$ cat target37.cif   # mmCIF, C-alpha atoms
data_input
#
loop_
_atom_site.group_PDB
_atom_site.id
_atom_site.type_symbol
_atom_site.label_atom_id
_atom_site.label_comp_id
_atom_site.auth_asym_id
_atom_site.auth_seq_id
_atom_site.Cartn_x
_atom_site.Cartn_y
_atom_site.Cartn_z
ATOM 1 C CA MET K 1 4.697 2.357 16.604
ATOM 2 C CA SER K 2 4.455 0.965 13.068
ATOM 3 C CA TYR K 3 6.971 1.434 10.286
ATOM 4 C CA PHE K 4 6.548 0.529 6.632
ATOM 5 C CA THR K 5 9.746 -0.706 5.021
ATOM 6 C CA LEU K 6 10.192 0.568 1.473
ATOM 7 C CA SER K 7 11.939 -1.296 -1.324
ATOM 8 C CA ASP K 8 15.095 0.785 -0.816
ATOM 9 C CA GLY K 9 15.219 -0.152 2.862
ATOM 10 C CA GLU K 10 14.030 3.202 4.227
ATOM 11 C CA GLN K 11 11.275 3.071 6.828
ATOM 12 C CA LEU K 12 8.246 5.361 7.057
ATOM 13 C CA TYR K 13 6.220 5.802 10.226
ATOM 14 C CA TYR K 14 2.488 5.252 9.739
ATOM 15 C CA GLU K 15 -0.727 4.773 11.668
ATOM 16 C CA ASP K 16 -3.526 2.511 10.462
ATOM 17 C CA LYS K 17 -6.889 2.737 12.230
ATOM 18 C CA GLY K 18 -10.475 1.815 11.451
ATOM 19 C CA ASP K 19 -11.747 -0.820 9.084
ATOM 20 C CA GLY K 20 -14.155 -1.342 6.266
ATOM 21 C CA PRO K 21 -13.991 -1.850 2.523
ATOM 22 C CA ASP K 22 -12.885 1.733 1.855
ATOM 23 C CA THR K 23 -9.636 3.452 2.743
ATOM 24 C CA LEU K 24 -8.751 7.096 3.406
ATOM 25 C CA ILE K 25 -5.079 8.077 3.094
ATOM 26 C CA MET K 26 -4.323 11.565 4.422
ATOM 27 C CA MET K 27 -1.004 13.138 3.388
ATOM 28 C CA HIS K 28 0.540 16.154 5.079
ATOM 29 C CA GLY K 29 2.429 19.147 3.728
ATOM 30 C CA TRP K 30 6.059 20.237 3.530
ATOM 31 C CA THR K 31 7.664 20.462 7.026
ATOM 32 C CA SER K 32 4.457 19.090 8.597
ATOM 33 C CA THR K 33 3.838 15.571 9.946
ATOM 34 C CA HIS K 34 1.075 12.999 10.332
ATOM 35 C CA GLU K 35 0.167 14.640 13.641
ATOM 36 C CA ILE K 36 -1.887 17.304 11.878
ATOM 37 C CA TYR K 37 -4.464 14.568 11.183
ATOM 38 C CA LEU K 38 -4.559 12.911 14.611
ATOM 39 C CA LYS K 39 -7.679 14.738 15.796
ATOM 40 C CA PRO K 40 -9.682 14.306 12.553
ATOM 41 C CA MET K 41 -8.660 10.641 12.445
ATOM 42 C CA GLU K 42 -10.458 9.985 15.752
ATOM 43 C CA SER K 43 -13.794 10.533 13.995
ATOM 44 C CA LEU K 44 -12.911 9.546 10.445
ATOM 45 C CA GLN K 45 -11.775 6.041 11.413
ATOM 46 C CA LYS K 46 -15.444 5.320 12.095
ATOM 47 C CA LYS K 47 -16.170 6.011 8.422
ATOM 48 C CA ALA K 48 -13.281 4.193 6.752
ATOM 49 C CA ARG K 49 -9.913 2.614 7.291
ATOM 50 C CA CYS K 50 -7.585 5.589 7.823
ATOM 51 C CA ILE K 51 -3.884 5.718 6.985
ATOM 52 C CA ILE K 52 -1.641 8.625 7.972
ATOM 53 C CA TYR K 53 2.142 8.632 7.655
ATOM 54 C CA ASP K 54 5.270 10.771 7.705
ATOM 55 C CA TYR K 55 7.158 11.373 4.472
ATOM 56 C CA ARG K 56 10.864 10.730 4.189
ATOM 57 C CA GLY K 57 12.781 13.223 6.295
ATOM 58 C CA HIS K 58 9.673 14.314 8.210
ATOM 59 C CA GLY K 59 8.593 13.644 11.789
ATOM 60 C CA LYS K 60 9.077 10.051 12.875
ATOM 61 C CA SER K 61 10.428 9.249 9.393
ATOM 62 C CA LYS K 62 13.184 11.866 9.807
ATOM 63 C CA GLU K 63 15.913 9.240 9.555
ATOM 64 C CA ALA K 64 14.647 8.125 6.129
ATOM 65 C CA ASN K 65 16.856 10.749 4.553
ATOM 66 C CA SER K 66 19.205 9.104 2.075
ATOM 67 C CA GLY K 67 19.740 10.619 -1.350
ATOM 68 C CA ASN K 68 17.909 13.662 -2.665
ATOM 69 C CA PRO K 69 14.212 12.708 -2.721
ATOM 70 C CA THR K 70 11.901 14.367 -5.215
ATOM 71 C CA MET K 71 8.143 14.535 -5.599
ATOM 72 C CA GLU K 72 8.414 11.413 -7.727
ATOM 73 C CA THR K 73 10.181 9.675 -4.823
ATOM 74 C CA LEU K 74 7.295 10.486 -2.473
ATOM 75 C CA THR K 75 4.885 9.271 -5.127
ATOM 76 C CA GLY K 76 6.686 5.947 -5.385
ATOM 77 C CA ASP K 77 6.543 5.645 -1.600
ATOM 78 C CA LEU K 78 2.767 6.178 -1.662
ATOM 79 C CA HIS K 79 2.410 3.521 -4.356
ATOM 80 C CA GLU K 80 4.418 1.050 -2.268
ATOM 81 C CA ILE K 81 2.203 1.733 0.755
ATOM 82 C CA ILE K 82 -0.975 1.167 -1.270
ATOM 83 C CA GLN K 83 0.399 -2.039 -2.750
ATOM 84 C CA GLY K 84 2.126 -3.298 0.401
ATOM 85 C CA LEU K 85 -0.897 -2.788 2.659
ATOM 86 C CA GLN K 86 -3.180 -4.162 -0.079
ATOM 87 C CA LEU K 87 -5.401 -1.097 -0.018
ATOM 88 C CA SER K 88 -8.371 -0.703 -2.321
ATOM 89 C CA ASN K 89 -11.207 1.756 -2.862
ATOM 90 C CA VAL K 90 -8.792 4.489 -1.810
ATOM 91 C CA THR K 91 -9.758 8.095 -1.178
ATOM 92 C CA LEU K 92 -6.534 10.102 -1.434
ATOM 93 C CA LEU K 93 -6.459 13.325 0.557
ATOM 94 C CA GLY K 94 -3.488 15.603 0.093
ATOM 95 C CA TRP K 95 -2.958 18.958 1.749
ATOM 96 C CA SER K 96 -0.366 21.327 0.270
ATOM 97 C CA MET K 97 2.601 19.176 -0.838
ATOM 98 C CA GLY K 98 0.375 16.149 -0.269
ATOM 99 C CA ALA K 99 -1.789 17.330 -3.167
ATOM 100 C CA GLY K 100 1.375 17.540 -5.253
ATOM 101 C CA VAL K 101 1.992 13.881 -4.467
ATOM 102 C CA ILE K 102 -1.522 13.107 -5.696
ATOM 103 C CA PHE K 103 -0.927 14.874 -9.002
ATOM 104 C CA ASN K 104 2.210 12.801 -9.527
ATOM 105 C CA TYR K 105 0.437 9.614 -8.505
ATOM 106 C CA VAL K 106 -2.243 10.191 -11.147
ATOM 107 C CA ARG K 107 0.398 10.986 -13.770
ATOM 108 C CA ILE K 108 2.565 7.936 -13.024
ATOM 109 C CA TYR K 109 0.148 5.281 -11.760
ATOM 110 C CA GLY K 110 -3.286 6.412 -12.928
ATOM 111 C CA CYS K 111 -6.493 6.131 -10.921
ATOM 112 C CA ASP K 112 -7.203 2.376 -10.955
ATOM 113 C CA SER K 113 -6.637 2.027 -7.195
ATOM 114 C CA LEU K 114 -8.535 5.202 -6.369
ATOM 115 C CA LYS K 115 -12.170 5.910 -5.596
ATOM 116 C CA GLN K 116 -11.937 9.666 -5.225
ATOM 117 C CA ILE K 117 -9.555 12.535 -4.464
ATOM 118 C CA ILE K 118 -9.572 15.420 -1.997
ATOM 119 C CA LEU K 119 -7.143 18.234 -2.817
ATOM 120 C CA CYS K 120 -6.471 20.760 -0.049
ATOM 121 C CA ASP K 121 -5.248 24.272 -0.886
ATOM 122 C CA MET K 122 -2.622 23.564 -3.508
ATOM 123 C CA THR K 123 -1.752 24.752 -6.998
ATOM 124 C CA PRO K 124 -0.732 22.445 -9.858
ATOM 125 C CA LYS K 125 2.086 24.885 -10.761
ATOM 126 C CA GLN K 126 3.984 26.947 -8.192
ATOM 127 C CA LEU K 127 6.008 29.229 -10.454
ATOM 128 C CA ASN K 128 4.056 32.157 -11.859
ATOM 129 C CA ASP K 129 4.671 33.727 -15.259
ATOM 130 C CA GLU K 130 2.915 36.002 -17.745
ATOM 131 C CA GLU K 131 0.222 33.391 -18.507
ATOM 132 C CA TRP K 132 -0.084 31.787 -15.054
ATOM 133 C CA LYS K 133 -0.962 33.785 -11.933
ATOM 134 C CA LEU K 134 -2.362 31.021 -9.696
ATOM 135 C CA GLY K 135 0.928 29.822 -8.282
ATOM 136 C CA LEU K 136 2.787 30.358 -5.022
ATOM 137 C CA TYR K 137 2.221 33.511 -2.945
ATOM 138 C CA GLN K 138 -0.981 34.294 -4.851
ATOM 139 C CA GLY K 139 0.732 34.931 -8.176
ATOM 140 C CA ARG K 140 3.840 36.721 -6.922
ATOM 141 C CA TYR K 141 6.485 33.968 -6.970
ATOM 142 C CA THR K 142 8.439 33.572 -10.229
ATOM 143 C CA LYS K 143 11.377 31.640 -11.635
ATOM 144 C CA GLU K 144 13.529 34.677 -10.871
ATOM 145 C CA ASP K 145 12.468 34.556 -7.215
ATOM 146 C CA MET K 146 13.348 30.865 -7.063
ATOM 147 C CA GLU K 147 16.808 31.577 -8.478
ATOM 148 C CA ALA K 148 17.329 34.398 -5.955
ATOM 149 C CA ASP K 149 16.288 32.066 -3.127
ATOM 150 C CA ALA K 150 19.197 29.781 -3.987
ATOM 151 C CA ASN K 151 21.516 32.306 -2.310
ATOM 152 C CA LYS K 152 19.516 32.605 0.936
ATOM 153 C CA ASP K 153 20.062 30.587 4.094
ATOM 154 C CA PHE K 154 17.478 27.890 4.708
ATOM 155 C CA TYR K 155 15.983 29.365 7.874
ATOM 156 C CA SER K 156 15.246 32.649 6.080
ATOM 157 C CA LEU K 157 13.485 30.774 3.297
ATOM 158 C CA TYR K 158 11.426 28.771 5.769
ATOM 159 C CA LYS K 159 10.509 31.899 7.707
ATOM 160 C CA GLU K 160 9.174 33.514 4.504
ATOM 161 C CA PHE K 161 7.168 30.378 3.763
ATOM 162 C CA ALA K 162 5.750 30.189 7.292
ATOM 163 C CA ILE K 163 4.671 33.838 7.235
ATOM 164 C CA GLY K 164 3.129 33.289 3.810
ATOM 165 C CA ALA K 165 1.140 30.347 5.150
ATOM 166 C CA ILE K 166 0.198 32.071 8.420
ATOM 167 C CA PRO K 167 0.225 35.866 7.808
ATOM 168 C CA LYS K 168 -0.329 36.751 11.488
ATOM 169 C CA LEU K 169 3.201 35.486 12.207
ATOM 170 C CA LYS K 170 4.455 38.683 10.584
ATOM 171 C CA LYS K 171 3.338 40.595 13.686
ATOM 172 C CA ILE K 172 5.559 38.505 15.981
ATOM 173 C CA PRO K 173 9.048 39.965 16.639
ATOM 174 C CA ALA K 174 11.715 37.996 14.808
ATOM 175 C CA PHE K 175 13.538 36.972 17.988
ATOM 176 C CA LEU K 176 10.330 35.474 19.415
ATOM 177 C CA LEU K 177 9.355 33.748 16.187
ATOM 178 C CA LYS K 178 12.712 32.073 15.679
ATOM 179 C CA LYS K 179 12.404 29.512 18.494
ATOM 180 C CA PRO K 180 9.076 27.893 17.408
ATOM 181 C CA LEU K 181 10.123 27.870 13.759
ATOM 182 C CA LYS K 182 13.452 26.270 14.618
ATOM 183 C CA ARG K 183 11.575 23.711 16.713
ATOM 184 C CA ARG K 184 9.405 22.817 13.710
ATOM 185 C CA LEU K 185 12.442 22.475 11.472
ATOM 186 C CA ALA K 186 14.125 20.238 14.041
ATOM 187 C CA ASN K 187 11.407 17.645 13.332
ATOM 188 C CA CYS K 188 12.653 17.295 9.764
ATOM 189 C CA ASP K 189 15.850 16.600 7.865
ATOM 190 C CA GLU K 190 17.008 19.843 6.252
ATOM 191 C CA SER K 191 18.582 18.218 3.190
ATOM 192 C CA VAL K 192 15.314 16.402 2.435
ATOM 193 C CA LEU K 193 13.308 19.608 2.836
ATOM 194 C CA LYS K 194 15.607 21.465 0.435
ATOM 195 C CA SER K 195 15.415 18.713 -2.167
ATOM 196 C CA LEU K 196 11.627 18.441 -2.009
ATOM 197 C CA ALA K 197 11.128 22.210 -2.076
ATOM 198 C CA GLN K 198 13.163 22.476 -5.268
ATOM 199 C CA SER K 199 11.379 19.518 -6.864
ATOM 200 C CA MET K 200 7.961 20.883 -5.952
ATOM 201 C CA LYS K 201 8.653 24.358 -7.302
ATOM 202 C CA ILE K 202 9.683 23.241 -10.781
ATOM 203 C CA GLN K 203 6.710 20.961 -11.362
ATOM 204 C CA ASP K 204 3.851 21.769 -13.722
ATOM 205 C CA ASN K 205 0.933 19.406 -13.164
ATOM 206 C CA ARG K 206 -1.726 21.375 -15.023
ATOM 207 C CA SER K 207 -2.098 18.797 -17.782
ATOM 208 C CA THR K 208 -2.321 16.004 -15.185
ATOM 209 C CA VAL K 209 -5.406 17.627 -13.656
ATOM 210 C CA GLY K 210 -7.330 16.757 -16.814
ATOM 211 C CA GLN K 211 -6.226 13.116 -16.521
ATOM 212 C CA ILE K 212 -7.921 12.565 -13.160
ATOM 213 C CA ALA K 213 -10.525 9.829 -13.691
ATOM 214 C CA VAL K 214 -12.303 9.890 -10.296
ATOM 215 C CA PRO K 215 -14.439 12.486 -8.491
ATOM 216 C CA VAL K 216 -12.555 15.405 -6.944
ATOM 217 C CA THR K 217 -13.282 17.670 -3.988
ATOM 218 C CA TYR K 218 -11.188 20.803 -3.488
ATOM 219 C CA PHE K 219 -10.807 22.436 -0.063
ATOM 220 C CA TYR K 220 -9.549 26.004 -0.204
ATOM 221 C CA ALA K 221 -8.954 29.005 2.051
ATOM 222 C CA ASP K 222 -10.628 32.368 1.531
ATOM 223 C CA PRO K 223 -9.130 34.968 1.411
ATOM 224 C CA GLY K 224 -6.262 32.514 1.186
ATOM 225 C CA SER K 225 -2.610 32.940 2.030
ATOM 226 C CA LEU K 226 -0.163 30.934 -0.078
ATOM 227 C CA PHE K 227 -2.608 30.355 -2.921
ATOM 228 C CA SER K 228 -5.453 32.231 -4.546
ATOM 229 C CA PRO K 229 -9.072 31.204 -3.938
ATOM 230 C CA ASP K 230 -9.476 31.526 -7.725
ATOM 231 C CA LEU K 231 -7.877 28.093 -8.037
ATOM 232 C CA ALA K 232 -11.279 26.630 -7.122
ATOM 233 C CA ASP K 233 -12.721 27.976 -10.386
ATOM 234 C CA TRP K 234 -9.673 26.901 -12.390
ATOM 235 C CA TYR K 235 -10.075 23.325 -11.153
ATOM 236 C CA LYS K 236 -13.774 23.430 -12.002
ATOM 237 C CA GLU K 237 -12.898 24.307 -15.590
ATOM 238 C CA HIS K 238 -10.191 21.664 -15.991
ATOM 239 C CA ILE K 239 -11.358 18.632 -13.987
ATOM 240 C CA VAL K 240 -13.478 16.396 -16.219
ATOM 241 C CA THR K 241 -14.980 14.240 -13.458
ATOM 242 C CA PRO K 242 -17.605 15.256 -10.848
ATOM 243 C CA TYR K 243 -16.151 18.174 -8.890
ATOM 244 C CA ARG K 244 -17.056 20.066 -5.740
ATOM 245 C CA ALA K 245 -15.285 22.986 -4.057
ATOM 246 C CA VAL K 246 -15.472 23.657 -0.326
ATOM 247 C CA MET K 247 -14.479 27.082 0.986
ATOM 248 C CA PHE K 248 -12.944 27.551 4.423
ATOM 249 C CA PRO K 249 -13.802 31.199 5.181
ATOM 250 C CA LYS K 250 -11.375 33.384 7.117
ATOM 251 C CA SER K 251 -8.801 30.620 6.892
ATOM 252 C CA THR K 252 -5.132 30.544 6.010
ATOM 253 C CA HIS K 253 -3.225 27.825 4.202
ATOM 254 C CA MET K 254 -3.380 25.947 7.516
ATOM 255 C CA LEU K 255 -7.054 25.139 7.051
ATOM 256 C CA VAL K 256 -6.654 21.629 8.505
ATOM 257 C CA SER K 257 -5.538 23.026 11.862
ATOM 258 C CA ASP K 258 -7.411 26.349 11.597
ATOM 259 C CA TYR K 259 -10.767 24.572 11.433
ATOM 260 C CA PRO K 260 -10.309 20.911 12.431
ATOM 261 C CA GLU K 261 -14.027 20.384 13.100
ATOM 262 C CA LYS K 262 -15.076 21.740 9.711
ATOM 263 C CA PHE K 263 -12.274 19.810 8.034
ATOM 264 C CA THR K 264 -13.431 16.559 9.642
ATOM 265 C CA GLU K 265 -17.063 17.269 8.796
ATOM 266 C CA GLU K 266 -16.301 17.985 5.146
ATOM 267 C CA VAL K 267 -14.116 14.884 4.769
ATOM 268 C CA SER K 268 -16.933 12.849 6.338
ATOM 269 C CA LYS K 269 -19.314 14.212 3.709
ATOM 270 C CA VAL K 270 -16.969 13.074 0.958
ATOM 271 C CA LEU K 271 -16.644 9.606 2.481
ATOM 272 C CA HIS K 272 -20.422 9.398 2.790
ATOM 273 C CA GLN K 273 -20.624 9.723 -0.993
ATOM 274 C CA ILE K 274 -18.724 6.444 -1.414
#
$ encode --input "target37.cif" --output "structure tokens"
Amino acid sequence: MSYFTLSDGEQLYYEDKGDGPDTLIMMHGWTSTHEIYLKPMESLQKKARCIIYDYRGHGKSKEANSGNPTMETLTGDLHEIIQGLQLSNVTLLGWSMGAGVIFNYVRIYGCDSLKQIILCDMTPKQLNDEEWKLGLYQGRYTKEDMEADANKDFYSLYKEFAIGAIPKLKKIPAFLLKKPLKRRLANCDESVLKSLAQSMKIQDNRSTVGQIAVPVTYFYADPGSLFSPDLADWYKEHIVTPYRAVMFPKSTHMLVSDYPEKFTEEVSKVLHQI
């Protein structure tokens, strides 16, 4: 087991496999862990050096839970990993919250260390309003909903999120669904999850999208679950570098685990372009 020690003393679990001049860093989503990439990594490490890791408060980094981390905190952690491991020619892949980390990385640190970006099923702005309908829950989640959520218990909020990401869970009786969801939450630190959820919801990274200076590939689910497939066209209009969209048909937000073979194949195609 390998742990990367951050400048504040916290330690993040990571795995580093493969070699070569190019590096692929794959970042997971909120309440997920590095394990979602274990199967794809078996093949992808033959294409590039692969780095996967657990964020603060997640998985094997659960004990890295001091303070109230924000999206900017996770971004600083990513920067320390890139610098500390002396990584270059980096392809950043971020699924869900991982894509949010990428947006912040571009905004704060630019693209000098990057070769290309893969965004996986994520919006640059979660809160919807009269002008923006491409946010969370396919345009239905607003600032008012976020304020109402402040009065709900955390398990109820997570249950709503899980059903939004995987709609078929709605058919499972609540008493049967509770145990696996609680088990997932037990892998993470609740205070960290709350802090990151709040930070993620209030961000607006739309202007940052136009600052991306490397090629971008966008993986998205159709018909989608958390986010609208129409985001693929929005990115096409606002990304100024070479752009390609890859649809995962009949997929939910969990496209990495819904179609691991297709996911691995499509990432391989991107790496082949290096």
$ closest_residue --input "target37.cif" --among "K:Glu10, K:Glu265, K:Asp204, K:Asp19" --to "Phe103 (chain K)" --atoms "all atoms listed in the file"
K:Asp204
$ atom_distance --input "target37.cif" --atom1 "CA of Pro21 (chain K)" --atom2 "CA of Leu114 (chain K)"
12.6 Å
$ resolve_selection --input "target37.cif" --expression "the PyMOL selection byres ((chain K and resi 97) around 12)" --output "PDB file with C-alpha atoms, keeping the file's coordinate frame"
ATOM      1  CA  MET K  26      -4.323  11.565   4.422  1.00  0.00           C
ATOM      2  CA  MET K  27      -1.004  13.138   3.388  1.00  0.00           C
ATOM      3  CA  HIS K  28       0.540  16.154   5.079  1.00  0.00           C
ATOM      4  CA  GLY K  29       2.429  19.147   3.728  1.00  0.00           C
ATOM      5  CA  TRP K  30       6.059  20.237   3.530  1.00  0.00           C
ATOM      6  CA  THR K  31       7.664  20.462   7.026  1.00  0.00           C
ATOM      7  CA  SER K  32       4.457  19.090   8.597  1.00  0.00           C
ATOM      8  CA  THR K  33       3.838  15.571   9.946  1.00  0.00           C
ATOM      9  CA  TYR K  55       7.158  11.373   4.472  1.00  0.00           C
ATOM     10  CA  THR K  70      11.901  14.367  -5.215  1.00  0.00           C
ATOM     11  CA  MET K  71       8.143  14.535  -5.599  1.00  0.00           C
ATOM     12  CA  GLU K  72       8.414  11.413  -7.727  1.00  0.00           C
ATOM     13  CA  LEU K  74       7.295  10.486  -2.473  1.00  0.00           C
ATOM     14  CA  THR K  75       4.885   9.271  -5.127  1.00  0.00           C
ATOM     15  CA  LEU K  93      -6.459  13.325   0.557  1.00  0.00           C
ATOM     16  CA  GLY K  94      -3.488  15.603   0.093  1.00  0.00           C
ATOM     17  CA  TRP K  95      -2.958  18.958   1.749  1.00  0.00           C
ATOM     18  CA  SER K  96      -0.366  21.327   0.270  1.00  0.00           C
ATOM     19  CA  GLY K  98       0.375  16.149  -0.269  1.00  0.00           C
ATOM     20  CA  ALA K  99      -1.789  17.330  -3.167  1.00  0.00           C
ATOM     21  CA  GLY K 100       1.375  17.540  -5.253  1.00  0.00           C
ATOM     22  CA  VAL K 101       1.992  13.881  -4.467  1.00  0.00           C
ATOM     23  CA  ILE K 102      -1.522  13.107  -5.696  1.00  0.00           C
ATOM     24  CA  PHE K 103      -0.927  14.874  -9.002  1.00  0.00           C
ATOM     25  CA  ASN K 104       2.210  12.801  -9.527  1.00  0.00           C
ATOM     26  CA  LEU K 119      -7.143  18.234  -2.817  1.00  0.00           C
ATOM     27  CA  CYS K 120      -6.471  20.760  -0.049  1.00  0.00           C
ATOM     28  CA  ASP K 121      -5.248  24.272  -0.886  1.00  0.00           C
ATOM     29  CA  MET K 122      -2.622  23.564  -3.508  1.00  0.00           C
ATOM     30  CA  THR K 123      -1.752  24.752  -6.998  1.00  0.00           C
ATOM     31  CA  PRO K 124      -0.732  22.445  -9.858  1.00  0.00           C
ATOM     32  CA  LYS K 125       2.086  24.885 -10.761  1.00  0.00           C
ATOM     33  CA  GLN K 126       3.984  26.947  -8.192  1.00  0.00           C
ATOM     34  CA  LEU K 136       2.787  30.358  -5.022  1.00  0.00           C
ATOM     35  CA  LEU K 193      13.308  19.608   2.836  1.00  0.00           C
ATOM     36  CA  LEU K 196      11.627  18.441  -2.009  1.00  0.00           C
ATOM     37  CA  ALA K 197      11.128  22.210  -2.076  1.00  0.00           C
ATOM     38  CA  GLN K 198      13.163  22.476  -5.268  1.00  0.00           C
ATOM     39  CA  SER K 199      11.379  19.518  -6.864  1.00  0.00           C
ATOM     40  CA  MET K 200       7.961  20.883  -5.952  1.00  0.00           C
ATOM     41  CA  LYS K 201       8.653  24.358  -7.302  1.00  0.00           C
ATOM     42  CA  GLN K 203       6.710  20.961 -11.362  1.00  0.00           C
ATOM     43  CA  HIS K 253      -3.225  27.825   4.202  1.00  0.00           C
TER      44      HIS K 253
END
$ closest_residue --input "target37.cif" --among "K:Gly57, K:Gly110, K:Gly20, K:Gly135" --to "Ser88 (chain K)" --atoms "only C-alpha atoms"
K:Gly20
$ residues_around --input "target37.cif" --residues "Tyr243 (chain K)" --least-positions-apart "5" --cutoff "6 Å" --atoms "all atoms listed in the file" --output "count of residues only"
3
$ closest_residue --input "target37.cif" --among "K:Lys262, K:His238, K:Arg140, K:Arg206" --to "Leu226 (chain K)" --atoms "all atoms listed in the file"
K:Arg140
$ resolve_selection --input "target37.cif" --expression "the PyMOL selection byres ((chain K and resi 252) around 12)" --output "PyMOL selection string"
chain K and resi 96+120-121+137+162-169+219-229+247-251+253-259
$ closest_residue --input "target37.cif" --among "K:Leu85, K:Leu127, K:Leu78, K:Leu38" --to "Ile108 (chain K)" --atoms "all atoms listed in the file"
K:Leu78
$ build_atoms --input "target37.cif" --residues "region 89-108 of chain K" --atoms "N, CA and C atoms" --output "mmCIF file, in the frame of the given file"
data_model
loop_
_atom_site.group_PDB
_atom_site.id
_atom_site.type_symbol
_atom_site.label_atom_id
_atom_site.label_comp_id
_atom_site.auth_asym_id
_atom_site.auth_seq_id
_atom_site.Cartn_x
_atom_site.Cartn_y
_atom_site.Cartn_z
ATOM 1 N N ASN K 89 -10.165 0.732 -3.032
ATOM 2 C CA ASN K 89 -11.207 1.756 -2.862
ATOM 3 C C ASN K 89 -10.657 2.947 -2.080
ATOM 4 N N VAL K 90 -9.535 3.474 -2.547
ATOM 5 C CA VAL K 90 -8.792 4.489 -1.810
ATOM 6 C C VAL K 90 -9.289 5.895 -2.126
ATOM 7 N N THR K 91 -9.569 6.657 -1.064
ATOM 8 C CA THR K 91 -9.758 8.095 -1.178
ATOM 9 C C THR K 91 -8.436 8.732 -0.779
ATOM 10 N N LEU K 92 -7.790 9.420 -1.713
ATOM 11 C CA LEU K 92 -6.534 10.102 -1.434
ATOM 12 C C LEU K 92 -6.821 11.535 -1.048
ATOM 13 N N LEU K 93 -6.347 11.939 0.117
ATOM 14 C CA LEU K 93 -6.459 13.325 0.557
ATOM 15 C C LEU K 93 -5.061 13.895 0.709
ATOM 16 N N GLY K 94 -4.798 14.979 0.001
ATOM 17 C CA GLY K 94 -3.488 15.603 0.093
ATOM 18 C C GLY K 94 -3.610 17.089 0.350
ATOM 19 N N TRP K 95 -2.988 17.533 1.431
ATOM 20 C CA TRP K 95 -2.958 18.958 1.749
ATOM 21 C C TRP K 95 -1.595 19.518 1.363
ATOM 22 N N SER K 96 -1.589 20.646 0.666
ATOM 23 C CA SER K 96 -0.366 21.327 0.270
ATOM 24 C C SER K 96 0.525 20.372 -0.533
ATOM 25 N N MET K 97 1.729 20.082 -0.090
ATOM 26 C CA MET K 97 2.601 19.176 -0.838
ATOM 27 C C MET K 97 1.958 17.814 -1.041
ATOM 28 N N GLY K 98 1.082 17.419 -0.115
ATOM 29 C CA GLY K 98 0.375 16.149 -0.269
ATOM 30 C C GLY K 98 -0.456 16.111 -1.532
ATOM 31 N N ALA K 99 -1.036 17.264 -1.910
ATOM 32 C CA ALA K 99 -1.789 17.330 -3.167
ATOM 33 C C ALA K 99 -0.843 17.188 -4.354
ATOM 34 N N GLY K 100 0.378 17.720 -4.202
ATOM 35 C CA GLY K 100 1.375 17.540 -5.253
ATOM 36 C C GLY K 100 1.719 16.077 -5.450
ATOM 37 N N VAL K 101 1.757 15.320 -4.361
ATOM 38 C CA VAL K 101 1.992 13.881 -4.467
ATOM 39 C C VAL K 101 0.851 13.224 -5.231
ATOM 40 N N ILE K 102 -0.370 13.667 -4.981
ATOM 41 C CA ILE K 102 -1.522 13.107 -5.696
ATOM 42 C C ILE K 102 -1.419 13.361 -7.189
ATOM 43 N N PHE K 103 -1.072 14.579 -7.581
ATOM 44 C CA PHE K 103 -0.927 14.874 -9.002
ATOM 45 C C PHE K 103 0.070 13.910 -9.650
ATOM 46 N N ASN K 104 1.195 13.699 -8.987
ATOM 47 C CA ASN K 104 2.210 12.801 -9.527
ATOM 48 C C ASN K 104 1.734 11.362 -9.543
ATOM 49 N N TYR K 105 0.958 10.979 -8.538
ATOM 50 C CA TYR K 105 0.437 9.614 -8.505
ATOM 51 C C TYR K 105 -0.471 9.373 -9.714
ATOM 52 N N VAL K 106 -1.344 10.323 -9.996
ATOM 53 C CA VAL K 106 -2.243 10.191 -11.147
ATOM 54 C C VAL K 106 -1.435 10.113 -12.437
ATOM 55 N N ARG K 107 -0.420 10.955 -12.550
ATOM 56 C CA ARG K 107 0.398 10.986 -13.770
ATOM 57 C C ARG K 107 1.158 9.684 -13.980
ATOM 58 N N ILE K 108 1.702 9.115 -12.904
ATOM 59 C CA ILE K 108 2.565 7.936 -13.024
ATOM 60 C C ILE K 108 1.797 6.624 -12.943
#
